[in-house]
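Undergrad: Structure provided below as structure tokens; questions to follow.
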Amino acid sequence: MTTTASASRPVTDERAVGRALAVVLSLLTVFGPISMDLYLPVLPALTTELRSATSTAQLTITACLLGLAAGQLVAGPLSDRFGRRRPLLIGVVAYVAVSLLCAVSPTAETLIAARFVQGLAGGVGVVIAQAAGRDLYSGGALLRYYGRLTVLGGLAAIVGPVIGGQLAQVTDWRGIFVFLAAVGAVILTACLLVFRETLPADRRVTGGLAQTGRDMRRLLSDRVFLGAVLVTGFLNAALFAYLSGATFVLQDHYGLSPQGYSYAFGLNSAGFMVFGFLAGRTSERWSERGTLLVGIAMVVAGAGGLLATAIGDLPLPAVIVSLLVMVSGLAVTTPPATSLALAGYPDIAGTASSFLGVARFAFGGLSAPLVGLGTGVLPLALVTVAAAVLGALAYGLTARRPVATAAADRATAEPVQVSP
């Protein structure tokens with residue numbers, strides 16, 4: 001490995017994490033949820049105005065998801081090499097500009113392309129929030145930090161569709177993208193004023209693309225890391241199938257208004273917040289793998305409930321409860337899966353985070369359009385059940401690391417544990 005010498009020795013200086021920086025790191029996590037969720041209540045109206053098929057309109061979700069995945073894959077290794085702050089500022093500026101481009105898109109095809117670029121830019125903030133947290137925290141503090149990111153993601157998921165539903169009363173989908181640009185501008189201002197470099201120059205990776213390739217092979221050869229990434233990817237495939245398909249199921253099949261949909265969505269997101277918070281604490285005090293297994297079981301149960309609802313043509317409450325259990329279960333898996341993936345790699349946290357991001361958004365992007373291939377609850381149920389079962393199978397890879405690998409991990413740099 002060609003990394004700086006100090007990357008292999010523990011950091012001994014105390015580095016306090018101010019409240020303002022912690023807030024900014026948390027804000028960076030809203031890029032994904034806000035970009036995805038804010039315009040979901042007006043997705044049917046967008047489909048009508050642009051004279052596109054439902055599956056074509058859902059490609060605007062897929063494009064953003066794939067962009068988020070690709071953006072993290074690029075930004076993660078770059079942040080390990082050049083630091084966190086510079087790539088972050090470039091990404092946020094690009095996000096603001098391309099959100100305005102989305103607002104003036106004349107066709108569905110143009111919007112799909114713009115959404116992909118918007119995802120590329122937004123992925124930078126997502127991966128750096130995870131990597132910067134690994135720079136600053138370790139142990140229980142790291143688990144609490146990832147639990148807080150999960151809660152903030154759930155909060156953004158609540159705020160997004162609720163605000164989107166209310167904005168739909170005063171503006172169209174184009175105005176919602178202008179609002180997204182404004183959100184990006186606020187985050188850019190916060191980053192400029194508060195965010196300082198969290199990865200000192202003497203801890204950065206050197207060696208260029210060849211070293212990045214070696215780092216990636218190192219990660220993929222670790223079955224615990226690979227298992228955590230696959231669990232994250234498959235379960236997020238279920239989540240994004242829900243994000244893509246629930247608006248049509250709840251509005252078209254069950255007759256909810258955009259505002260009613262936003263409230264139903266908010267209920268599920270509240271469960272995501274509560275269980276994400278509890279998962280961070282449970283993983284710390286009980287067991288990362290045990291907490292992860294409980295979350296997977298909840299996802300399987302919720303997806304199974306959707307399938308039973310589709311087969312039995314059950315009423316709206318059955319759908320809401322099934323979605324609540326499934327989404328809450330995903331929140332339970334997020335802190336332990338993220339910690340299992342990143343805990344052993346403080347020296348390449350950006351690259352490791354990028355794999356999680358790729359799995360989360362690429363798998364989600366592939367599952368989202370599948371829900372549009374049919375009508376009613378059944379397509380959503382089939383996609384979520386398949387994703388949940390595959391996630392459960394991937395859990396088997398998260399067996400404890402071999403002794404040699406664990407010893408190597410302990411030899412890598414560990415930041416001082418600070419309380420988030």
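Quick note on naming: the chains in the structure tokens go A, B, ... in the order shown, residues restart at 1 in each chain, and ligands are numbered from 1 in order of appearance.
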Skipping near chain neighbours, those fewer than 4 positions away, what residues fall within 7 Å of A:Ser99 using only C-alpha atoms, listed as a ChimeraX atom specification?

TA: /A:95,103,118,177-178,180-181

Undergrad: Using only C-alpha atoms, find each residue in stretch 71-98 of chain A having at least one atom no more than 10 Å away from stretch 342-365 of chain A; report its shortest atom-to-atom pair and that distance in Å (one decimal), rows by chain then rising number, as a tab-separated table.

TA:
```
residue	atom	partner	partner_atom	distance
A:Gly71	CA	A:Ser354	CA	8.4
A:Gln72	CA	A:Ser354	CA	4.8
A:Leu73	CA	A:Ser354	CA	4.7
A:Val74	CA	A:Ser354	CA	7.6
A:Ala75	CA	A:Ser354	CA	7.4
A:Gly76	CA	A:Gly350	CA	4.0
A:Pro77	CA	A:Thr351	CA	4.6
A:Leu78	CA	A:Gly350	CA	7.8
A:Ser79	CA	A:Gly350	CA	6.0
A:Asp80	CA	A:Gly350	CA	5.5
A:Arg81	CA	A:Gly350	CA	9.1
A:Gly83	CA	A:Gly350	CA	9.4
A:Arg84	CA	A:Gly350	CA	8.6
```

Undergrad: Which residues come within 7 Å of stretch 242-258 of chain A, counting only C-alpha atoms, excluding same-chain residues fewer than 2 positions away, as a VMD selection string?

TA: chain A and resid 40 to 41 58 165 238 to 240 260 to 262 316 368 371 to 372 376 to 377 380

Undergrad: Check which residues of stretch 131-156 of chain A sit at most 8 Å from stretch 191-213 of chain A using only C-alpha atoms, and return one row each with the closest pair of atoms and their distance in Å to one decimal, ordered by chain and rising number, as JSON lines.

TA:
```
{"residue": "A:Ala132", "atom": "CA", "partner": "A:Thr198", "partner_atom": "CA", "distance": 6.0}
{"residue": "A:Asp135", "atom": "CA", "partner": "A:Thr198", "partner_atom": "CA", "distance": 6.3}
{"residue": "A:Leu136", "atom": "CA", "partner": "A:Thr198", "partner_atom": "CA", "distance": 7.1}
```

Undergrad: Restricted to N, CA, C and O atoms, what would the selected residues look like written as a PDB file, in the first residue's frame?

TA:
```
ATOM      1  N   ALA A 132     -16.530  11.768   6.599  1.00  0.00           N
ATOM      2  CA  ALA A 132     -16.093  12.734   7.608  1.00  0.00           C
ATOM      3  C   ALA A 132     -16.451  12.246   9.006  1.00  0.00           C
ATOM      4  O   ALA A 132     -15.695  12.452   9.960  1.00  0.00           O
ATOM      5  N   ASP A 135     -13.851  10.004  10.020  1.00  0.00           N
ATOM      6  CA  ASP A 135     -12.656  10.757  10.397  1.00  0.00           C
ATOM      7  C   ASP A 135     -12.704  11.194  11.858  1.00  0.00           C
ATOM      8  O   ASP A 135     -11.674  11.259  12.531  1.00  0.00           O
ATOM      9  N   LEU A 136     -13.897  11.514  12.335  1.00  0.00           N
ATOM     10  CA  LEU A 136     -14.048  12.186  13.624  1.00  0.00           C
ATOM     11  C   LEU A 136     -14.443  11.277  14.771  1.00  0.00           C
ATOM     12  O   LEU A 136     -14.136  11.574  15.925  1.00  0.00           O
TER      13      LEU A 136
END
```

Undergrad: Using only C-alpha atoms, which of A:Gly290, A:Gly305, A:Gly374, A:Gly184 sits nearest A:Thr333?

TA: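 Ranked by minimum distance to A:Thr333, first place goes to A:Gly290.
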
Undergrad: Please list as a PyMOL selection string every residue within 12 Å of A:Phe179, counting only C-alpha atoms and excluding residues in the same chain fewer than 2 positions away.

TA: chain A and resi 34-35+38-39+96+99-100+102-103+160+163-164+167-168+171-177+181-186

Undergrad: Which residues, written as an MDAnalysis selection string, have at least one atom at most 12 Å from A:Ala301, with only C-alpha atoms counted and residues fewer than 5 positions away on the same chain left out?

TA: chainID A and resid 294:296 306:308 321:330 381 384:385 388:389 392

Undergrad: The selected residues should be written to file as a short mmCIF file (atom, residue, chain, number, x, y, z; two decimals), in the first residue's frame (atoms: N, CA and C atoms).

TA:
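What ended up in out.cif:
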```
data_model
loop_
_atom_site.label_atom_id
_atom_site.label_comp_id
_atom_site.auth_asym_id
_atom_site.auth_seq_id
_atom_site.Cartn_x
_atom_site.Cartn_y
_atom_site.Cartn_z
N VAL A 294 -32.35 -8.33 13.36
CA VAL A 294 -33.71 -7.92 13.71
C VAL A 294 -34.28 -7.02 12.62
N GLY A 295 -33.47 -6.08 12.13
CA GLY A 295 -33.95 -5.19 11.07
C GLY A 295 -34.31 -5.95 9.80
N ILE A 296 -33.48 -6.91 9.42
CA ILE A 296 -33.77 -7.71 8.22
C ILE A 296 -35.08 -8.46 8.39
N LEU A 306 -47.10 -6.88 2.41
CA LEU A 306 -47.53 -6.30 1.13
C LEU A 306 -48.00 -7.39 0.17
N LEU A 307 -47.27 -8.50 0.15
CA LEU A 307 -47.66 -9.59 -0.74
C LEU A 307 -49.02 -10.16 -0.33
N ALA A 308 -49.23 -10.32 0.97
CA ALA A 308 -50.52 -10.81 1.46
C ALA A 308 -51.64 -9.82 1.12
N VAL A 321 -49.62 -0.35 7.31
CA VAL A 321 -48.91 -1.08 8.36
C VAL A 321 -47.74 -1.87 7.78
N SER A 322 -47.95 -2.52 6.64
CA SER A 322 -46.86 -3.30 6.02
C SER A 322 -45.70 -2.41 5.64
N LEU A 323 -46.01 -1.26 5.04
CA LEU A 323 -44.96 -0.33 4.67
C LEU A 323 -44.23 0.21 5.90
N LEU A 324 -44.99 0.48 6.96
CA LEU A 324 -44.38 0.99 8.19
C LEU A 324 -43.38 0.00 8.76
N VAL A 325 -43.76 -1.29 8.81
CA VAL A 325 -42.86 -2.31 9.34
C VAL A 325 -41.63 -2.45 8.45
N MET A 326 -41.82 -2.45 7.15
CA MET A 326 -40.71 -2.62 6.23
C MET A 326 -39.73 -1.46 6.31
N VAL A 327 -40.24 -0.23 6.26
CA VAL A 327 -39.38 0.95 6.28
C VAL A 327 -38.67 1.09 7.63
N SER A 328 -39.38 0.81 8.71
CA SER A 328 -38.76 0.86 10.04
C SER A 328 -37.66 -0.19 10.16
N GLY A 329 -37.89 -1.37 9.58
CA GLY A 329 -36.86 -2.40 9.60
C GLY A 329 -35.61 -1.97 8.86
N LEU A 330 -35.78 -1.30 7.73
CA LEU A 330 -34.61 -0.80 7.01
C LEU A 330 -33.83 0.18 7.88
N ALA A 381 -45.20 -5.38 -4.21
CA ALA A 381 -45.02 -6.49 -3.27
C ALA A 381 -43.96 -7.47 -3.77
N THR A 384 -40.36 -5.92 -3.51
CA THR A 384 -39.88 -5.79 -2.13
C THR A 384 -39.60 -7.14 -1.49
N VAL A 385 -40.44 -8.13 -1.78
CA VAL A 385 -40.20 -9.47 -1.24
C VAL A 385 -38.88 -10.04 -1.77
N ALA A 388 -35.98 -8.22 -0.11
CA ALA A 388 -35.83 -8.58 1.30
C ALA A 388 -35.21 -9.96 1.46
N VAL A 389 -35.62 -10.91 0.66
CA VAL A 389 -35.07 -12.26 0.74
C VAL A 389 -33.59 -12.25 0.37
N ALA A 392 -31.61 -10.90 3.22
CA ALA A 392 -31.47 -11.89 4.28
C ALA A 392 -30.37 -12.91 3.95
#
```
